[in-house]
$ cat upload_7.txt   # compact mmCIF, C-alpha atoms
# COMPACT_ATOMS: atom_id res chain seq x y z
CA MET K 1 -31.72 76.17 -28.52
CA ILE K 2 -29.00 75.14 -26.08
CA ARG K 3 -27.85 77.47 -23.32
CA THR K 4 -24.59 76.71 -21.58
CA CYS K 5 -23.46 78.25 -18.30
CA LEU K 6 -19.71 78.73 -18.07
CA GLN K 7 -17.55 79.77 -15.15
CA LEU K 8 -14.97 82.13 -16.58
CA SER K 9 -11.86 83.30 -14.77
CA VAL K 10 -11.54 87.07 -15.04
CA ARG K 11 -8.44 88.13 -13.12
CA ASP K 12 -9.16 86.98 -9.56
CA LEU K 13 -12.91 86.53 -10.07
CA GLN K 14 -15.07 83.66 -11.29
CA LEU K 15 -17.98 84.97 -13.35
CA ASP K 16 -20.97 82.84 -14.30
CA VAL K 17 -21.70 83.47 -17.98
CA GLU K 18 -24.52 81.95 -20.02
CA VAL K 19 -23.78 81.51 -23.73
CA CYS K 20 -26.26 80.63 -26.43
CA GLY K 21 -26.51 80.47 -30.20
CA ASP K 22 -24.29 79.60 -33.14
CA PRO K 23 -20.63 79.65 -32.04
CA ALA K 24 -19.83 81.17 -35.42
CA GLY K 25 -22.49 83.87 -35.08
CA GLU K 26 -21.85 87.54 -34.45
CA PRO K 27 -21.21 87.91 -30.71
CA VAL K 28 -23.37 90.08 -28.47
CA LEU K 29 -22.57 90.76 -24.81
CA LEU K 30 -25.67 91.30 -22.64
CA LEU K 31 -25.12 93.24 -19.40
CA HIS K 32 -27.91 93.23 -16.81
CA GLY K 33 -28.86 95.90 -14.27
CA PHE K 34 -29.87 96.08 -10.61
CA PRO K 35 -31.36 94.13 -8.92
CA GLN K 36 -31.51 91.57 -11.71
CA CYS K 37 -29.05 89.00 -13.06
CA ARG K 38 -28.36 87.43 -16.44
CA GLY K 39 -31.93 86.10 -16.32
CA ALA K 40 -33.13 89.56 -17.34
CA TRP K 41 -32.28 88.53 -20.91
CA ASP K 42 -34.14 85.19 -20.87
CA GLN K 43 -36.77 86.34 -23.35
CA VAL K 44 -34.37 88.38 -25.48
CA VAL K 45 -31.78 85.65 -26.04
CA PRO K 46 -34.00 83.26 -28.09
CA VAL K 47 -34.81 86.03 -30.57
CA LEU K 48 -31.15 86.94 -31.01
CA ALA K 49 -30.09 83.29 -31.28
CA ALA K 50 -32.79 82.61 -33.89
CA ALA K 51 -31.31 85.46 -35.94
CA GLY K 52 -27.91 83.75 -35.87
CA MET K 53 -26.23 85.73 -33.12
CA ARG K 54 -24.06 84.26 -30.36
CA THR K 55 -25.04 85.68 -26.99
CA ALA K 56 -23.05 85.89 -23.77
CA ALA K 57 -24.83 87.06 -20.62
CA PRO K 58 -22.73 87.25 -17.45
CA ASP K 59 -23.81 87.55 -13.86
CA GLN K 60 -21.60 90.53 -13.22
CA ARG K 61 -19.31 91.43 -10.31
CA GLY K 62 -21.25 91.09 -7.08
CA TYR K 63 -23.89 88.92 -8.73
CA SER K 64 -21.77 85.82 -9.40
CA PRO K 65 -21.21 84.08 -6.03
CA ARG K 66 -17.46 83.74 -6.63
CA ALA K 67 -17.07 87.38 -7.67
CA ARG K 68 -17.94 89.39 -4.57
CA PRO K 69 -14.90 91.38 -3.47
CA VAL K 70 -15.29 93.33 -0.24
CA GLY K 71 -15.63 97.10 -0.20
CA ALA K 72 -17.29 99.67 -2.42
CA ALA K 73 -13.99 100.67 -4.07
CA ALA K 74 -13.90 97.25 -5.75
CA TYR K 75 -17.03 98.22 -7.72
CA ARG K 76 -15.83 101.38 -9.43
CA LEU K 77 -16.92 101.70 -13.04
CA PRO K 78 -13.50 101.04 -14.65
CA LEU K 79 -13.32 97.70 -12.81
CA LEU K 80 -16.84 96.75 -13.88
CA ALA K 81 -15.96 97.55 -17.48
CA ALA K 82 -12.71 95.59 -17.22
CA ASP K 83 -14.75 92.55 -16.20
CA SER K 84 -16.69 92.75 -19.46
CA LEU K 85 -13.47 92.97 -21.44
CA GLY K 86 -12.23 89.96 -19.48
CA VAL K 87 -15.32 88.01 -20.50
CA LEU K 88 -14.64 88.83 -24.15
CA ASP K 89 -11.03 87.76 -23.73
CA ALA K 90 -12.00 84.49 -22.03
CA LEU K 91 -14.39 83.72 -24.89
CA GLY K 92 -11.72 84.54 -27.48
CA LEU K 93 -13.63 87.54 -28.84
CA ASP K 94 -11.91 90.65 -30.17
CA ARG K 95 -15.18 92.62 -30.33
CA ALA K 96 -18.87 92.23 -29.67
CA HIS K 97 -22.15 94.04 -30.09
CA MET K 98 -22.58 95.62 -26.65
CA VAL K 99 -25.98 95.68 -24.97
CA GLY K 100 -26.74 96.91 -21.45
CA HIS K 101 -29.77 97.68 -19.32
CA ASP K 102 -29.79 100.00 -16.30
CA TRP K 103 -26.35 99.61 -14.62
CA GLY K 104 -25.41 97.33 -17.51
CA ALA K 105 -26.03 100.29 -19.81
CA VAL K 106 -23.68 102.43 -17.72
CA VAL K 107 -20.95 99.81 -18.24
CA ALA K 108 -21.80 99.53 -21.94
CA TRP K 109 -21.60 103.32 -22.44
CA TYR K 110 -18.21 103.31 -20.72
CA LEU K 111 -16.93 100.50 -22.93
CA ALA K 112 -18.15 102.20 -26.11
CA ALA K 113 -16.53 105.51 -25.14
CA ARG K 114 -13.25 104.23 -23.68
CA HIS K 115 -12.73 100.94 -25.57
CA PRO K 116 -14.41 101.43 -28.97
CA GLU K 117 -12.03 98.94 -30.57
CA ARG K 118 -13.86 96.19 -28.63
CA VAL K 119 -17.40 97.34 -29.52
CA HIS K 120 -19.12 96.69 -32.86
CA THR K 121 -22.31 98.52 -31.92
CA LEU K 122 -23.99 99.73 -28.75
CA THR K 123 -27.58 99.28 -27.63
CA ALA K 124 -28.06 101.03 -24.28
CA ILE K 125 -31.38 100.53 -22.50
CA SER K 126 -32.89 102.83 -19.85
CA PHE K 127 -29.77 104.69 -18.69
CA PRO K 128 -28.49 107.57 -20.84
CA HIS K 129 -24.93 108.53 -21.70
CA LEU K 130 -23.24 109.50 -18.44
CA ASP K 131 -22.27 112.98 -19.60
CA ALA K 132 -25.91 113.67 -20.53
CA TYR K 133 -27.00 112.32 -17.14
CA TRP K 134 -24.49 114.44 -15.23
CA GLN K 135 -25.46 117.55 -17.18
CA ALA K 136 -29.11 116.92 -16.36
CA LEU K 137 -28.28 116.39 -12.67
CA ARG K 138 -26.61 119.81 -12.62
CA THR K 139 -29.28 121.74 -14.51
CA ASP K 140 -32.57 119.84 -14.56
CA PRO K 141 -34.81 119.76 -11.47
CA GLU K 142 -36.71 116.80 -12.90
CA GLN K 143 -33.55 114.69 -13.15
CA ARG K 144 -32.60 115.63 -9.60
CA ARG K 145 -36.06 114.54 -8.46
CA ARG K 146 -35.76 111.25 -10.32
CA SER K 147 -32.34 110.60 -8.77
CA ARG K 148 -33.47 110.97 -5.17
CA TYR K 149 -33.26 107.19 -4.69
CA LEU K 150 -29.46 107.27 -4.99
CA PRO K 151 -28.59 108.38 -1.44
CA PHE K 152 -30.77 105.58 -0.06
CA PHE K 153 -29.14 102.88 -2.19
CA MET K 154 -25.72 104.25 -1.28
CA SER K 155 -26.43 104.23 2.46
CA PRO K 156 -25.35 101.33 4.72
CA GLU K 157 -28.94 101.05 5.94
CA SER K 158 -30.35 100.17 2.53
CA THR K 159 -29.42 96.48 2.71
CA ALA K 160 -31.47 95.76 5.82
CA ALA K 161 -34.31 97.99 4.68
CA LEU K 162 -34.65 96.24 1.30
CA LEU K 163 -34.46 92.76 2.88
CA ALA K 164 -36.94 93.44 5.69
CA ASP K 165 -40.33 91.71 5.68
CA ASP K 166 -39.29 88.94 3.30
CA ALA K 167 -37.52 91.39 0.95
CA ALA K 168 -40.66 93.47 0.48
CA GLY K 169 -38.60 96.50 -0.50
CA LEU K 170 -36.78 94.65 -3.25
CA ARG K 171 -40.00 93.05 -4.45
CA ALA K 172 -41.71 96.44 -4.65
CA LEU K 173 -39.10 97.74 -7.11
CA PHE K 174 -40.54 95.52 -9.84
CA GLY K 175 -44.22 96.34 -9.30
CA ASP K 176 -46.30 94.20 -11.60
CA ALA K 177 -44.05 94.73 -14.64
CA VAL K 178 -41.98 91.56 -14.15
CA ALA K 179 -43.42 88.05 -13.92
CA PRO K 180 -43.58 86.68 -10.36
CA GLU K 181 -41.36 83.69 -11.20
CA GLN K 182 -38.69 86.04 -12.55
CA VAL K 183 -38.91 88.26 -9.49
CA ALA K 184 -38.51 85.15 -7.34
CA ARG K 185 -35.29 84.34 -9.19
CA TYR K 186 -33.91 87.80 -8.53
CA LEU K 187 -34.91 87.67 -4.87
CA ALA K 188 -33.28 84.26 -4.44
CA LEU K 189 -29.99 85.74 -5.64
CA HIS K 190 -30.16 88.87 -3.51
CA THR K 191 -31.28 87.22 -0.28
CA ALA K 192 -28.22 84.95 -0.25
CA PRO K 193 -25.74 85.97 2.48
CA GLY K 194 -23.68 88.97 1.39
CA ALA K 195 -25.21 89.23 -2.07
CA LEU K 196 -27.23 92.44 -1.69
CA ASP K 197 -24.36 94.27 0.00
CA ALA K 198 -22.18 93.31 -2.96
CA THR K 199 -24.64 94.43 -5.64
CA LEU K 200 -25.45 97.67 -3.79
CA ASN K 201 -21.72 98.40 -3.86
CA TRP K 202 -22.25 99.41 -7.49
CA TYR K 203 -24.09 102.43 -6.06
CA ARG K 204 -21.92 102.85 -3.00
CA SER K 205 -18.82 103.15 -5.18
CA GLY K 206 -20.10 106.61 -6.17
CA SER K 207 -19.57 106.00 -9.88
CA LEU K 208 -22.95 107.43 -10.88
CA LEU K 209 -22.20 110.74 -9.19
CA ASP K 210 -18.52 111.07 -10.07
CA ASP K 211 -18.57 113.61 -12.89
CA ALA K 212 -15.01 114.84 -12.31
CA GLU K 213 -13.88 113.34 -15.62
CA PRO K 214 -16.32 113.38 -18.55
CA LEU K 215 -16.91 110.05 -20.23
CA GLY K 216 -16.47 111.59 -23.66
CA PRO K 217 -18.15 110.98 -26.99
CA VAL K 218 -19.20 107.59 -28.30
CA ARG K 219 -18.00 106.93 -31.83
CA VAL K 220 -19.65 103.56 -32.49
CA PRO K 221 -23.14 103.11 -33.99
CA THR K 222 -25.57 103.44 -31.10
CA THR K 223 -29.22 102.93 -30.23
CA PHE K 224 -30.60 104.25 -26.95
CA VAL K 225 -33.79 102.47 -25.90
CA SER K 226 -35.95 104.35 -23.42
CA SER K 227 -39.63 104.13 -22.52
CA ASP K 228 -42.33 106.52 -21.43
CA GLY K 229 -42.85 104.68 -18.14
CA ASP K 230 -39.21 104.64 -17.10
CA LEU K 231 -38.53 107.09 -14.28
CA VAL K 232 -34.72 106.77 -14.18
CA ALA K 233 -33.83 109.46 -16.72
CA SER K 234 -35.56 112.77 -17.31
CA PRO K 235 -36.45 113.89 -20.83
CA ALA K 236 -33.49 116.28 -20.69
CA ALA K 237 -31.07 113.40 -20.06
CA VAL K 238 -32.74 111.16 -22.63
CA HIS K 239 -32.69 113.71 -25.43
CA GLY K 240 -29.30 115.10 -24.40
CA THR K 241 -27.76 111.71 -25.12
CA ALA K 242 -27.89 112.35 -28.88
CA GLU K 243 -25.28 115.09 -28.43
CA GLN K 244 -22.85 112.54 -26.96
CA VAL K 245 -22.79 110.16 -29.94
CA THR K 246 -20.87 111.10 -33.09
CA ALA K 247 -21.70 107.94 -35.06
CA SER K 248 -25.05 106.72 -36.36
CA TYR K 249 -27.61 107.19 -33.57
CA ARG K 250 -31.21 106.27 -32.88
CA LEU K 251 -33.49 106.96 -29.93
CA ALA K 252 -36.15 104.26 -29.59
CA MET K 253 -38.98 105.26 -27.25
CA LEU K 254 -41.14 102.32 -26.15
CA PRO K 255 -44.73 103.31 -25.33
CA GLY K 256 -46.46 101.90 -22.28
CA VAL K 257 -43.32 100.22 -20.93
CA SER K 258 -41.74 100.63 -17.50
CA HIS K 259 -38.08 100.60 -16.46
CA TRP K 260 -37.95 96.82 -16.86
CA GLN K 261 -37.74 96.82 -20.65
CA PRO K 262 -35.91 93.48 -21.24
CA GLU K 263 -38.57 91.59 -19.29
CA GLN K 264 -41.63 93.63 -20.21
CA ALA K 265 -40.89 94.32 -23.89
CA ALA K 266 -38.40 91.59 -24.84
CA GLU K 267 -39.39 91.38 -28.51
CA LEU K 268 -39.15 95.14 -29.00
CA VAL K 269 -35.78 95.23 -27.26
CA ALA K 270 -34.50 92.31 -29.33
CA ALA K 271 -35.70 94.01 -32.52
CA GLU K 272 -33.73 97.14 -31.66
CA ILE K 273 -30.59 95.11 -30.93
CA LEU K 274 -30.91 93.25 -34.23
CA ALA K 275 -31.59 96.43 -36.19
CA ARG K 276 -28.54 98.13 -34.70
CA ALA K 277 -26.42 95.04 -35.43
CA GLY K 278 -27.57 95.09 -39.05
CA HIS K 279 -29.82 92.02 -38.98

$ encode --input "upload_7.txt" --output "structure tokens"
Amino acid sequence: MIRTCLQLSVRDLQLDVEVCGDPAGEPVLLLHGFPQCRGAWDQVVPVLAAAGMRTAAPDQRGYSPRARPVGAAAYRLPLLAADSLGVLDALGLDRAHMVGHDWGAVVAWYLAARHPERVHTLTAISFPHLDAYWQALRTDPEQRRRSRYLPFFMSPESTAALLADDAAGLRALFGDAVAPEQVARYLALHTAPGALDATLNWYRSGSLLDDAEPLGPVRVPTTFVSSDGDLVASPAAVHGTAEQVTASYRLAMLPGVSHWQPEQAAELVAAEILARAGH
């Protein structure tokens, strides 16, 4: 299995994108979350490639060294989604199976709702449909409790706090769910000058809390992968997501798995992607 890292021009950015698999295979775009990188999919990609799929996994805006615009406004959700469409365009792809974890799932939900013509299927991991999330934030005390980390990540002080003591704060986010060598890769990215400020701008943009305009229904076949050890979304947000999808829908609940599903349960995640894609 050969993996190739490309540098793709997307408007005024240079995104690092790793591609793998049969060039003639069905394309799948893999969008990572925070504070990871495209390496989050390292164990998922071989399973998809062996099934004949062509994978593309970008280091997204803020994560690619040549794609770190200054200021939180440059990390609003429509711009993040436009980057993914730019990757598809640069690879000559009209559509792809869309897969996202954590913040990558937020982008993937947005693409499926606002640009369904570019999305074959959606597999969203960890983070629910934004409208379900916002509804839970308004009405569900448990979701409000689970979202208490947001003001910290949005604050200017979070960068220094997470990097203090040899990035102990960042390291602690992963617990023992992610292999030490993988955590080291993530820390190497985020301890580079300016990197963590850029990736935290995803939070500081306010996109997760901006419910002024509903995302709207998703009309493409969708699987939402959650897990009983993931503390990001409350049960109300998880189960409310079904109401936001008008096409074929499945909730896959992974037992005994934390928030870090692509690393901790790669084979289960890959199986859900393949099942949704019809493999």

$ closest_atom_pairs --input "upload_7.txt" --of "region 20-65 of chain K" --to "region 172-187 of chain K" --cutoff "8 Å" --atoms "all atoms listed in the file" --output "JSON lines"
{"residue": "K:Pro35", "atom": "CA", "partner": "K:Tyr186", "partner_atom": "CA", "distance": 6.8}
{"residue": "K:Gln36", "atom": "CA", "partner": "K:Tyr186", "partner_atom": "CA", "distance": 5.5}
{"residue": "K:Cys37", "atom": "CA", "partner": "K:Tyr186", "partner_atom": "CA", "distance": 6.8}
{"residue": "K:Gly39", "atom": "CA", "partner": "K:Gln182", "partner_atom": "CA", "distance": 7.7}

$ closest_residue --input "upload_7.txt" --among "K:Leu80, K:Leu196, K:Leu254, K:Leu130" --to "Ala242 (chain K)" --atoms "all atoms listed in the file"
K:Leu130

$ residues_near_point --input "upload_7.txt" --point "(-28.7, 97.4, -22.7)" --cutoff "10 Å" --atoms "all atoms listed in the file" --output "ChimeraX atom specification"
/K:29-33,41,98-109,122-127,223-225,261-262,269,273

$ residues_around --input "upload_7.txt" --residues "Thr199 (chain K)" --least-positions-apart "6" --cutoff "8 Å" --atoms "all atoms listed in the file" --output "list of chain:residue names"
K:Phe34, K:Pro35, K:Arg61, K:Gly62, K:Tyr63

$ closest_residue --input "upload_7.txt" --among "K:Pro46, K:Pro221, K:Gly169, K:Gly229" --to "Ser258 (chain K)" --atoms "only C-alpha atoms"
K:Gly229

$ closest_residue --input "upload_7.txt" --among "K:Asp230, K:Asp22, K:Glu213, K:Asp59" --to "Leu8 (chain K)" --atoms "all atoms listed in the file"
K:Asp59

$ residues_around --input "upload_7.txt" --residues "Pro58 (chain K)" --least-positions-apart "3" --cutoff "7 Å" --atoms "all atoms listed in the file" --output "JSON, numbers by chain"
{"K": [15, 16, 17, 18, 31, 38]}

$ closest_residue --input "upload_7.txt" --among "K:Val45, K:Ala167, K:Val28, K:Ala198" --to "Ile2 (chain K)" --atoms "only C-alpha atoms"
K:Val45

$ residues_around --input "upload_7.txt" --residues "Pro27 (chain K)" --least-positions-apart "6" --cutoff "12 Å" --atoms "only C-alpha atoms" --output "ChimeraX atom specification"
/K:19-21,45,48-49,51-57,87-88,91-99,118-121,273-274,277

$ closest_residue --input "upload_7.txt" --among "K:His115, K:Arg76, K:Arg11, K:Arg3" --to "Pro217 (chain K)" --atoms "all atoms listed in the file"
K:His115

$ closest_residue --input "upload_7.txt" --among "K:Ser227, K:Thr241, K:Ser205, K:Thr246" --to "Pro78 (chain K)" --atoms "all atoms listed in the file"
K:Ser205

$ atom_distance --input "upload_7.txt" --atom1 "CA of Ala72 (chain K)" --atom2 "CA of Asn201 (chain K)"
4.8 Å
